[in-house]
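**Q** Data file model_9.txt (compact mmCIF, C-alpha atoms) is appended below.
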# COMPACT_ATOMS: atom_id res chain seq x y z
CA MET A 1324 9.50 -3.81 6.05
CA MET A 1325 7.64 -3.37 2.78
CA GLU A 1326 9.39 -3.92 -0.53
CA LYS A 1327 9.53 -0.66 -2.47
CA TYR A 1328 7.92 -0.26 -5.88
CA LEU A 1329 10.39 0.90 -8.53
CA GLY A 1330 8.28 2.15 -11.40
CA PHE A 1331 4.94 3.46 -12.63
CA VAL A 1332 1.81 1.91 -14.05
CA ALA A 1333 -0.47 4.28 -15.98
CA VAL A 1334 -4.06 3.07 -15.75
CA SER A 1335 -7.22 4.82 -16.94
CA VAL A 1336 -9.95 4.33 -14.35
CA PHE A 1337 -13.14 5.98 -13.19
CA LEU A 1338 -13.58 7.56 -9.77
CA LEU A 1339 -15.69 5.15 -7.72
CA SER A 1340 -16.62 5.13 -4.08
CA CYS A 1341 -15.45 2.29 -1.91
CA ALA A 1342 -19.13 1.83 -1.12
CA GLU A 1343 -19.62 0.41 -4.61
CA ALA A 1344 -19.01 -3.27 -5.31
CA GLU A 1345 -18.82 -3.24 -9.11
CA ARG A 1346 -16.22 -5.37 -10.87
CA ASN A 1347 -14.91 -2.33 -12.76
CA ASN A 1348 -13.84 -0.84 -9.44
CA PRO A 1349 -10.06 -0.17 -9.42
CA TYR A 1350 -10.06 -0.98 -5.69
CA ASP A 1351 -11.58 -4.43 -6.28
CA GLU A 1352 -8.81 -7.02 -6.54
CA LEU A 1353 -11.11 -9.26 -8.63
CA ALA A 1354 -11.72 -6.52 -11.20
CA VAL A 1355 -9.88 -6.37 -14.51
CA ASN A 1356 -8.77 -2.80 -13.85
CA TYR A 1357 -7.49 -3.40 -10.30
CA ILE A 1358 -4.65 -0.86 -9.88
CA TRP A 1359 -3.30 -1.63 -6.42
CA LYS A 1360 -1.04 -4.49 -5.43
CA SER A 1361 0.39 -4.75 -1.92
CA SER A 1362 4.08 -5.47 -1.67
CA ALA A 1363 3.12 -7.25 1.53
CA GLU A 1364 1.61 -9.87 -0.77
CA GLY A 1365 4.96 -10.39 -2.44
CA SER A 1366 4.17 -8.61 -5.70
CA SER A 1367 6.89 -6.97 -7.76
CA SER A 1368 4.28 -4.90 -9.60
CA SER A 1369 4.82 -1.18 -9.98
CA VAL A 1370 2.27 1.28 -8.65
CA LYS A 1371 1.31 4.85 -9.45
CA ALA A 1372 -0.28 6.07 -6.26
CA GLY A 1373 -3.33 8.10 -5.78
CA ILE A 1374 -4.86 9.79 -8.81
CA ASN A 1375 -5.97 9.42 -12.41
CA GLU A 1376 -5.07 11.83 -15.16
CA PRO A 1377 -8.41 13.38 -16.22
CA SER A 1378 -9.71 12.73 -19.71
CA SER A 1379 -11.65 15.23 -21.78
CA SER A 1380 -14.81 13.30 -20.94
CA SER A 1381 -14.30 13.50 -17.19
CA ALA A 1382 -17.47 14.57 -15.43
CA PRO A 1383 -17.30 17.60 -13.13
CA LEU A 1384 -17.04 16.91 -9.45
CA SER A 1385 -20.30 16.81 -7.57
CA SER A 1386 -20.70 18.35 -4.16
CA SER A 1387 -20.70 14.86 -2.67
CA ASN A 1388 -17.17 14.35 -3.97
CA VAL A 1389 -15.66 17.45 -2.40
CA VAL A 1390 -17.60 18.16 0.78
CA PRO A 1391 -16.62 16.00 3.77
CA SER A 1392 -19.30 13.98 5.50
CA SER A 1393 -20.42 14.73 9.02
CA SER A 1394 -18.50 11.65 10.18
CA SER A 1395 -15.32 13.04 8.61
CA LEU A 1396 -15.80 16.35 10.39
CA ALA A 1397 -16.40 14.53 13.66
CA ALA A 1398 -13.18 12.60 13.21
CA ALA A 1399 -11.23 15.78 12.59
CA SER A 1400 -12.76 17.47 15.63
CA SER A 1401 -11.91 14.49 17.81
CA SER A 1402 -8.32 14.31 16.56
CA SER A 1403 -7.74 17.98 17.42
CA SER A 1404 -8.62 17.51 21.10
CA ARG A 1405 -5.57 17.44 23.29
CA PRO A 1406 -4.56 16.69 26.88
CA PRO A 1407 -3.08 19.36 29.15
CA SER A 1408 0.24 20.64 27.77
CA SER A 1409 1.92 20.99 31.14
CA SER A 1410 3.72 17.68 30.67
CA SER A 1411 5.88 16.44 27.82
CA SER A 1412 3.74 13.33 27.32
CA PHE A 1413 0.38 12.00 28.40
CA VAL A 1414 -0.89 8.42 28.21
CA SER A 1415 -4.63 8.29 27.54
CA GLN A 1416 -6.99 5.67 28.91
CA ASN A 1417 -6.82 3.75 25.63
CA GLY A 1418 -3.03 3.64 25.74
CA VAL A 1419 -2.28 6.36 23.19
CA VAL A 1420 0.83 8.33 24.15
CA TYR A 1421 0.29 12.03 23.45
CA GLY A 1422 3.20 14.42 23.17
CA THR A 1423 3.28 18.18 23.61
CA PRO A 1424 1.00 20.02 21.12
CA VAL A 1425 2.67 22.21 18.50
CA ASP A 1426 1.40 25.66 17.47
CA TYR A 1427 2.33 26.66 13.92
CA GLU A 1428 1.02 29.47 11.71
CA GLY A 1429 -2.30 29.74 13.52
CA GLN A 1430 -2.89 25.98 13.76
CA THR A 1431 -2.45 23.66 16.76
CA TYR A 1432 -1.30 20.10 16.15
CA GLN A 1433 -1.64 17.36 18.73
CA THR A 1434 1.32 14.97 18.68
CA VAL A 1435 1.60 11.25 19.40
CA VAL A 1436 4.56 9.07 20.38
CA ILE A 1437 4.72 5.83 18.38
CA GLY A 1438 7.72 3.64 19.09
CA THR A 1439 10.83 5.82 18.89
CA GLN A 1440 9.13 8.58 16.87
CA THR A 1441 6.86 11.53 17.62
CA TRP A 1442 4.36 12.38 14.90
CA MET A 1443 1.77 15.06 14.35
CA ALA A 1444 -1.67 13.55 14.92
CA LYS A 1445 -3.25 15.30 11.92
CA ASN A 1446 -2.23 16.45 8.46
CA LEU A 1447 -0.44 19.75 7.97
CA ASN A 1448 -2.69 22.73 7.19
CA TYR A 1449 -0.04 25.32 6.40
CA ASN A 1450 -1.01 27.62 3.52
CA ALA A 1451 2.17 27.43 1.47
CA THR A 1452 2.08 28.98 -1.99
CA GLY A 1453 0.89 26.30 -4.41
CA SER A 1454 -0.91 24.18 -1.81
CA LYS A 1455 -4.64 23.57 -2.20
CA CYS A 1456 -7.74 22.47 -0.34
CA TYR A 1457 -9.40 19.40 -1.83
CA GLY A 1458 -11.88 20.54 -4.47
CA GLY A 1459 -11.07 24.16 -3.71
CA VAL A 1460 -13.32 23.93 -0.64
CA ASP A 1461 -11.85 25.66 2.43
CA SER A 1462 -13.62 23.38 4.90
CA ASN A 1463 -11.74 20.41 3.44
CA CYS A 1464 -8.49 21.98 4.61
CA ASN A 1465 -9.91 22.09 8.13
CA THR A 1466 -10.79 18.40 7.89
CA TYR A 1467 -7.94 16.89 5.87
CA GLY A 1468 -5.19 19.51 5.87
CA ARG A 1469 -3.84 21.02 2.66
CA LEU A 1470 -2.56 19.12 -0.40
CA TYR A 1471 0.97 19.80 -1.70
CA ASP A 1472 3.03 18.74 -4.68
CA TRP A 1473 6.42 17.28 -3.73
CA SER A 1474 8.44 20.43 -4.48
CA THR A 1475 6.11 22.62 -2.42
CA ALA A 1476 6.17 20.17 0.48
CA MET A 1477 9.95 20.20 0.41
CA GLY A 1478 10.29 23.98 0.02
CA PHE A 1479 11.91 23.65 -3.42
CA GLY A 1480 11.26 25.46 -6.69
CA SER A 1481 8.61 23.99 -8.95
CA SER A 1482 11.27 22.70 -11.37
CA CYS A 1483 12.03 19.93 -8.87
CA ASN A 1484 8.74 18.30 -9.81
CA SER A 1485 10.18 17.50 -13.25
CA ASN A 1486 13.93 17.41 -12.49
CA THR A 1487 15.97 15.38 -10.02
CA CYS A 1488 16.65 17.37 -6.85
CA SER A 1489 17.70 14.61 -4.46
CA SER A 1490 21.05 16.37 -3.87
CA GLN A 1491 19.14 19.22 -2.20
CA VAL A 1492 17.41 16.97 0.32
CA GLN A 1493 18.90 17.43 3.78
CA PRO A 1494 18.77 15.07 6.77
CA ASN A 1495 15.62 15.90 8.75
CA HIS A 1496 14.49 18.04 5.84
CA ARG A 1497 12.11 20.64 7.26
CA GLY A 1498 10.23 21.69 4.11
CA VAL A 1499 6.83 23.14 5.07
CA CYS A 1500 6.94 21.65 8.59
CA PRO A 1501 7.46 23.83 11.70
CA PRO A 1502 10.90 24.28 13.31
CA GLY A 1503 12.04 21.07 15.02
CA TRP A 1504 9.91 18.95 12.67
CA HIS A 1505 10.50 17.58 9.19
CA ILE A 1506 9.07 15.71 6.19
CA PRO A 1507 9.55 12.01 7.00
CA SER A 1508 11.86 10.03 4.75
CA ASP A 1509 10.77 6.75 3.22
CA ALA A 1510 12.88 4.99 5.86
CA GLU A 1511 11.07 6.87 8.64
CA TRP A 1512 7.70 5.86 7.22
CA SER A 1513 8.96 2.28 7.25
CA THR A 1514 9.98 2.68 10.90
CA LEU A 1515 6.42 3.75 11.68
CA GLU A 1516 5.04 0.74 9.78
CA THR A 1517 7.27 -1.63 11.76
CA ALA A 1518 6.40 0.01 15.09
CA VAL A 1519 2.68 -0.68 14.61
CA GLY A 1520 3.11 -4.31 13.61
CA GLY A 1521 3.97 -4.41 9.91
CA SER A 1522 2.45 -3.61 6.54
CA TYR A 1523 -0.41 -6.13 6.56
CA THR A 1524 -2.34 -4.38 9.36
CA ALA A 1525 -0.66 -0.97 9.69
CA GLY A 1526 -3.37 0.73 7.66
CA THR A 1527 -6.15 -0.33 10.00
CA LYS A 1528 -4.13 0.55 13.11
CA LEU A 1529 -3.24 4.02 11.82
CA LYS A 1530 -6.55 5.01 10.20
CA ALA A 1531 -9.05 7.16 12.09
CA LYS A 1532 -12.11 5.50 13.60
CA SER A 1533 -14.45 7.45 11.29
CA GLY A 1534 -14.28 9.37 8.03
CA TRP A 1535 -13.38 6.52 5.64
CA ASN A 1536 -15.86 5.22 3.07
CA ASP A 1537 -17.28 1.71 3.33
CA TYR A 1538 -16.33 -0.98 0.84
CA ASN A 1539 -18.56 -3.90 -0.16
CA GLY A 1540 -20.65 -3.27 2.92
CA ALA A 1541 -17.66 -3.36 5.27
CA SER A 1542 -16.40 -0.33 7.16
CA GLY A 1543 -13.29 1.30 5.75
CA ASN A 1544 -12.48 2.91 9.09
CA GLY A 1545 -9.55 1.94 11.27
CA THR A 1546 -8.99 1.29 14.95
CA ASP A 1547 -6.61 4.25 15.45
CA ASP A 1548 -4.66 2.30 18.06
CA TYR A 1549 -1.86 4.89 18.27
CA GLY A 1550 -3.71 8.18 17.82
CA PHE A 1551 -2.27 8.76 14.33
CA SER A 1552 -5.81 9.38 13.07
CA ALA A 1553 -5.08 9.05 9.34
CA LEU A 1554 -7.89 10.47 7.19
CA PRO A 1555 -8.56 9.92 3.46
CA GLY A 1556 -7.74 13.37 2.11
CA GLY A 1557 -7.59 12.17 -1.49
CA SER A 1558 -5.29 13.54 -4.18
CA GLY A 1559 -5.17 16.36 -6.66
CA LEU A 1560 -3.48 18.01 -9.62
CA SER A 1561 -2.40 21.64 -9.66
CA GLY A 1562 -4.79 22.29 -12.55
CA GLY A 1563 -7.77 21.70 -10.28
CA TYR A 1564 -8.66 18.01 -10.63
CA PHE A 1565 -9.24 16.01 -7.45
CA ASN A 1566 -9.89 12.33 -6.75
CA PHE A 1567 -10.49 9.78 -4.00
CA VAL A 1568 -11.45 11.84 -0.95
CA GLY A 1569 -12.97 9.38 1.52
CA ASP A 1570 -11.29 6.45 -0.23
CA LEU A 1571 -7.55 7.09 -0.13
CA GLY A 1572 -4.97 8.93 1.96
CA ASN A 1573 -1.56 9.84 0.46
CA TRP A 1574 1.40 11.39 2.32
CA TRP A 1575 4.63 12.67 0.82
CA SER A 1576 8.06 11.37 1.79
CA ALA A 1577 11.27 13.43 1.77
CA THR A 1578 12.77 10.61 -0.30
CA GLU A 1579 12.37 11.99 -3.81
CA GLY A 1580 9.14 10.90 -5.45
CA TYR A 1581 8.04 8.48 -2.74
CA SER A 1582 4.74 8.54 -0.90
CA SER A 1583 2.89 6.44 1.65
CA PHE A 1584 -0.77 5.62 1.32
CA MET A 1585 -3.71 3.81 2.89
CA ARG A 1586 -7.00 2.70 1.33
CA CYS A 1587 -10.54 2.24 2.52
CA ASP A 1588 -10.79 -1.28 1.10
CA ASP A 1589 -8.15 -3.13 3.11
CA ASP A 1590 -6.02 -3.22 6.24
CA ALA A 1591 -2.59 -2.70 4.68
CA TYR A 1592 -0.18 0.21 4.48
CA TYR A 1593 1.66 0.97 1.22
CA GLN A 1594 4.73 2.83 -0.03
CA GLY A 1595 5.51 3.61 -3.65
CA LEU A 1596 6.76 6.02 -6.29
CA SER A 1597 4.44 8.79 -7.41
CA ASP A 1598 4.51 11.64 -9.89
CA LYS A 1599 5.98 14.58 -7.97
CA GLY A 1600 3.42 16.96 -9.48
CA TYR A 1601 0.52 15.25 -7.70
CA LEU A 1602 -1.04 16.94 -4.67
CA PHE A 1603 -0.81 14.79 -1.53
CA SER A 1604 -1.09 15.38 2.22
CA VAL A 1605 1.87 16.07 4.53
CA ARG A 1606 2.37 14.60 7.98
CA CYS A 1607 5.38 15.92 9.94
CA VAL A 1608 7.65 13.95 12.29
CA GLN A 1609 9.79 15.43 15.06
CA ASP A 1610 13.56 15.85 14.59
Represent the supplied structure as structure tokens.

**A**
Amino acid sequence: MMEKYLGFVAVSVFLLSCAEAERNNPYDELAVNYIWKSSAEGSSSSVKAGINEPSSSSAPLSSSNVVPSSSSLAAASSSSSRPPSSSSSFVSQNGVVYGTPVDYEGQTYQTVVIGTQTWMAKNLNYNATGSKCYGGVDSNCNTYGRLYDWSTAMGFGSSCNSNTCSSQVQPNHRGVCPPGWHIPSDAEWSTLETAVGGSYTAGTKLKAKSGWNDYNGASGNGTDDYGFSALPGGSGLSGGYFNFVGDLGNWWSATEGYSSFMRCDDDAYYQGLSDKGYLFSVRCVQD
């Protein structure tokens, strides 16, 4: 199980694609501004997951930063396909165990059984007040699901983004998930990590087979061994700034302030503390 990070590191970096190999790339472990450190490597470094505070000189987003590639759309289309729902589970030819699909607020979510847990096989796309599509582009919600700050994901008032609200967190806390499903706790994310073989390779095994940017000429895609089909939905701020689509996927935990994340530049899976006001994806797990 991964060691948890217990603090924040504020780093000013530029948004760079994983396709770039420059030594000022925050994803490049040889660069001076490298911002990620895997706890699987035994580091006690703190981490602030997922997004940079914009400076006044930040350039506006280009269409290439907010519009998903055709490979991303293909991955989303593939992940939404589902076996017949007449049975409670279905083992595909590649060994993925599919559960019964869930219909919720006009969306259908395929489910997958991984170890002792049943997960949704794509990010939540429930239009809760305060949630956003990456870059304000509706098609990104269809591809990556919606982005939520922690309070919105949990169904709390916005004050919980700046105040401690851990006493309000219930076991199997539903939040924005459908009935019978909930926001996974940090411990439940760790259970998933263990079930797929540990933090060193969990990222590759859980990432979708397409939709992730390349890094230094190597594919950032995963093998999707379990049908989890994680996509790099990026991050956002409520004021309208967005970063890292194609490079990074972040998912909220019900454990206050914690998130899980995967990157295009390595095989690992990460957990850490994040600012609760950031906009991350939500993936629901069954009660």

**Q** Give me the residues within 7 Å of segment 1417-1431 of chain A as an mmCIF file with C-alpha atoms, in the coordinates of the input, counting all atoms listed in the file and dropping any in the same chain fewer than 2 places off.

**A**
data_model
loop_
_atom_site.group_PDB
_atom_site.id
_atom_site.type_symbol
_atom_site.label_atom_id
_atom_site.label_comp_id
_atom_site.auth_asym_id
_atom_site.auth_seq_id
_atom_site.Cartn_x
_atom_site.Cartn_y
_atom_site.Cartn_z
ATOM 1 C CA SER A 1408 0.240 20.640 27.770
ATOM 2 C CA SER A 1411 5.880 16.440 27.820
ATOM 3 C CA SER A 1412 3.740 13.330 27.320
ATOM 4 C CA PHE A 1413 0.380 12.000 28.400
ATOM 5 C CA VAL A 1414 -0.890 8.420 28.210
ATOM 6 C CA SER A 1415 -4.630 8.290 27.540
ATOM 7 C CA GLN A 1433 -1.640 17.360 18.730
ATOM 8 C CA THR A 1434 1.320 14.970 18.680
ATOM 9 C CA VAL A 1435 1.600 11.250 19.400
ATOM 10 C CA VAL A 1436 4.560 9.070 20.380
ATOM 11 C CA TYR A 1449 -0.040 25.320 6.400
ATOM 12 C CA PRO A 1501 7.460 23.830 11.700
ATOM 13 C CA ASP A 1548 -4.660 2.300 18.060
ATOM 14 C CA TYR A 1549 -1.860 4.890 18.270
ATOM 15 C CA GLY A 1550 -3.710 8.180 17.820
#

**Q** Determine the nearest neighbour of Gly1438 of chain A from the options A:Gln1491, A:Ser1597, A:Thr1517, A:Thr1452, counting only C-alpha atoms.

**A** A:Thr1517

**Q** Quick check, in Å to one decimal: how far apart do atom CA of Asn1486 of chain A and atom CA of Val1568 of chain A lie?

**A**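 Atom CA of Asn1486 of chain A sits 28.4 Å away from atom CA of Val1568 of chain A.
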
**Q** Nearest to Gly1459 of chain A: which of A:Ile1437, A:Lys1530, A:Leu1560, A:Ser1481 is it, counting all atoms listed in the file?

**A**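 Once distances to Gly1459 of chain A are computed over all atoms listed in the file, the minimum belongs to A:Leu1560.
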
**Q** Output as JSON the centre and edge lengths (Å, one decimal) of the box along x, y and z of the file that holds every listed atom of segment 1521-1535 of chain A after adding 3 Å on each side.

**A**
{"center_x": -5.2, "center_y": 1.6, "center_z": 9.6, "size_x": 24.4, "size_y": 21.5, "size_z": 14.0}

**Q** Smallest atom-to-atom distance to Asn1448 of chain A: which of A:Tyr1564, A:Trp1473, A:Phe1551, A:Phe1603, using only C-alpha atoms?

**A**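 Closest to Asn1448 of chain A, using only C-alpha atoms: A:Phe1603.
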
**Q** Measuring between only C-alpha atoms, which one of A:Tyr1432, A:Trp1442, A:Phe1584, A:Tyr1601 shows the shortest distance to Ser1522 of chain A?

**A**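 Once distances to Ser1522 of chain A are computed over only C-alpha atoms, the minimum belongs to A:Phe1584.
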
**Q** Name the residues in contact with Met1585 of chain A at a cut-off of 7 Å, using only C-alpha atoms, excluding same-chain residues fewer than 5 positions from it; report them as a PyMOL selection string.

**A** chain A and resi 1526+1571-1573+1591-1593

**Q** Could you tell me which of A:Asn1539, A:Gln1493, A:Thr1487, A:Ser1604 comes closest to Gly1557 of chain A if we count all atoms listed in the file?

**A**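 Once distances to Gly1557 of chain A are computed over all atoms listed in the file, the minimum belongs to A:Ser1604.
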
**Q** Can you measure atom CA of Thr1475 of chain A to atom CA of Ser1558 of chain A for me? One decimal in Å is fine.

**A**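 Taking atom CA of Thr1475 of chain A as the start and atom CA of Ser1558 of chain A as the end point, the length is 14.7 Å.
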
**Q** Mind checking which residues fall within 9 Å of Ala1510 of chain A, counting only C-alpha atoms, ignoring those fewer than 4 positions away in the same chain, and posting them as an mmCIF file with C-alpha atoms, in the coordinates of the input?

**A**
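File selection-v4.cif, as written:
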data_model
loop_
_atom_site.group_PDB
_atom_site.id
_atom_site.type_symbol
_atom_site.label_atom_id
_atom_site.label_comp_id
_atom_site.auth_asym_id
_atom_site.auth_seq_id
_atom_site.Cartn_x
_atom_site.Cartn_y
_atom_site.Cartn_z
ATOM 1 C CA THR A 1514 9.980 2.680 10.900
ATOM 2 C CA LEU A 1515 6.420 3.750 11.680
ATOM 3 C CA SER A 1576 8.060 11.370 1.790
ATOM 4 C CA THR A 1578 12.770 10.610 -0.300
#

**Q** For Asp1472 of chain A, list every protein, DNA or RNA residue within 8 Å, evaluated using all atoms listed in the file, and leave out those in the same chain fewer than 6 positions away; present the list as a ChimeraX atom specification.

**A** /A:1453-1454,1484,1561,1599-1603

**Q** Figure out the distance between atom CA of Gly1595 of chain A and atom CA of Asn1536 of chain A, please, to one decimal in Å.

**A**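 Atom CA of Asn1536 of chain A sits 22.5 Å away from atom CA of Gly1595 of chain A.
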
**Q** Excluding Arg1606 of chain A and its own-chain neighbours fewer than 5 positions away, which residues fall within 7 Å of it when counting only C-alpha atoms? Please give them as an MDAnalysis selection string.

**A** chainID A and resid 1443 1445:1447 1574

**Q** Give the answer as one residue: which of A:Ala1577, A:Cys1587, A:Thr1441, A:Gly1559 has the shortest atom-to-atom distance to Asp1537 of chain A, using all atoms listed in the file?

**A**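 For Asp1537 of chain A, the nearest of the candidates is A:Cys1587.
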
**Q** Write only N, CA and C atoms for segment 1470-1494 of chain A from the block just shown, as a CSV table (one decimal), in the first residue's frame.

**A**
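Resulting contents of out_3.csv:
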chain,number,residue,atom,x,y,z
A,1470,LEU,N,-16.0,17.6,-14.0
A,1470,LEU,CA,-15.1,17.8,-13.0
A,1470,LEU,C,-15.8,18.5,-11.8
A,1471,TYR,N,-15.4,18.1,-10.6
A,1471,TYR,CA,-16.1,18.6,-9.3
A,1471,TYR,C,-15.0,19.0,-8.3
A,1472,ASP,N,-15.4,20.1,-7.6
A,1472,ASP,CA,-14.6,20.3,-6.4
A,1472,ASP,C,-15.0,19.3,-5.3
A,1473,TRP,N,-14.2,19.2,-4.2
A,1473,TRP,CA,-14.5,18.2,-3.2
A,1473,TRP,C,-15.8,18.3,-2.6
A,1474,SER,N,-16.2,19.6,-2.2
A,1474,SER,CA,-17.5,19.8,-1.6
A,1474,SER,C,-18.7,19.4,-2.5
A,1475,THR,N,-18.6,19.7,-3.8
A,1475,THR,CA,-19.6,19.3,-4.7
A,1475,THR,C,-19.7,17.8,-4.8
A,1476,ALA,N,-18.6,17.2,-5.0
A,1476,ALA,CA,-18.5,15.7,-5.1
A,1476,ALA,C,-19.2,15.1,-3.9
A,1477,MET,N,-19.0,15.6,-2.7
A,1477,MET,CA,-19.5,15.0,-1.5
A,1477,MET,C,-20.9,15.5,-1.2
A,1478,GLY,N,-21.5,16.4,-1.9
A,1478,GLY,CA,-22.8,16.9,-1.6
A,1478,GLY,C,-22.9,17.9,-0.5
A,1479,PHE,N,-21.8,18.5,-0.2
A,1479,PHE,CA,-21.7,19.5,0.9
A,1479,PHE,C,-21.8,20.9,0.4
A,1480,GLY,N,-22.0,21.9,1.3
A,1480,GLY,CA,-21.9,23.3,1.0
A,1480,GLY,C,-20.5,23.7,0.6
A,1481,SER,N,-20.4,24.8,-0.1
A,1481,SER,CA,-19.1,25.2,-0.6
A,1481,SER,C,-18.1,25.5,0.5
A,1482,SER,N,-18.6,25.9,1.7
A,1482,SER,CA,-17.7,26.2,2.8
A,1482,SER,C,-16.8,25.1,3.2
A,1483,CYS,N,-17.2,23.8,2.8
A,1483,CYS,CA,-16.4,22.7,3.2
A,1483,CYS,C,-15.1,22.6,2.4
A,1484,ASN,N,-15.0,23.5,1.3
A,1484,ASN,CA,-13.7,23.5,0.6
A,1484,ASN,C,-12.6,24.3,1.3
A,1485,SER,N,-13.1,25.1,2.3
A,1485,SER,CA,-12.1,25.9,3.1
A,1485,SER,C,-12.1,25.6,4.5
A,1486,ASN,N,-13.1,24.8,5.0
A,1486,ASN,CA,-13.3,24.4,6.4
A,1486,ASN,C,-13.2,22.9,6.5
A,1487,THR,N,-12.9,22.4,7.7
A,1487,THR,CA,-12.9,21.0,7.9
A,1487,THR,C,-14.3,20.5,8.1
A,1488,CYS,N,-14.6,19.5,7.3
A,1488,CYS,CA,-16.0,18.9,7.3
A,1488,CYS,C,-15.9,17.4,7.5
A,1489,SER,N,-14.8,16.9,8.0
A,1489,SER,CA,-14.7,15.4,8.1
A,1489,SER,C,-15.7,14.8,8.9
A,1490,SER,N,-16.3,15.5,9.9
A,1490,SER,CA,-17.3,14.9,10.8
A,1490,SER,C,-18.6,14.7,10.0
A,1491,GLN,N,-18.8,15.3,8.9
A,1491,GLN,CA,-20.0,15.1,8.1
A,1491,GLN,C,-19.9,13.9,7.1
A,1492,VAL,N,-18.7,13.3,7.0
A,1492,VAL,CA,-18.5,12.2,6.0
A,1492,VAL,C,-19.0,10.9,6.6
A,1493,GLN,N,-19.9,10.3,5.9
A,1493,GLN,CA,-20.5,9.1,6.4
A,1493,GLN,C,-19.8,7.8,5.8
A,1494,PRO,N,-20.0,6.7,6.4
A,1494,PRO,CA,-19.5,5.5,5.7
A,1494,PRO,C,-20.3,5.3,4.4
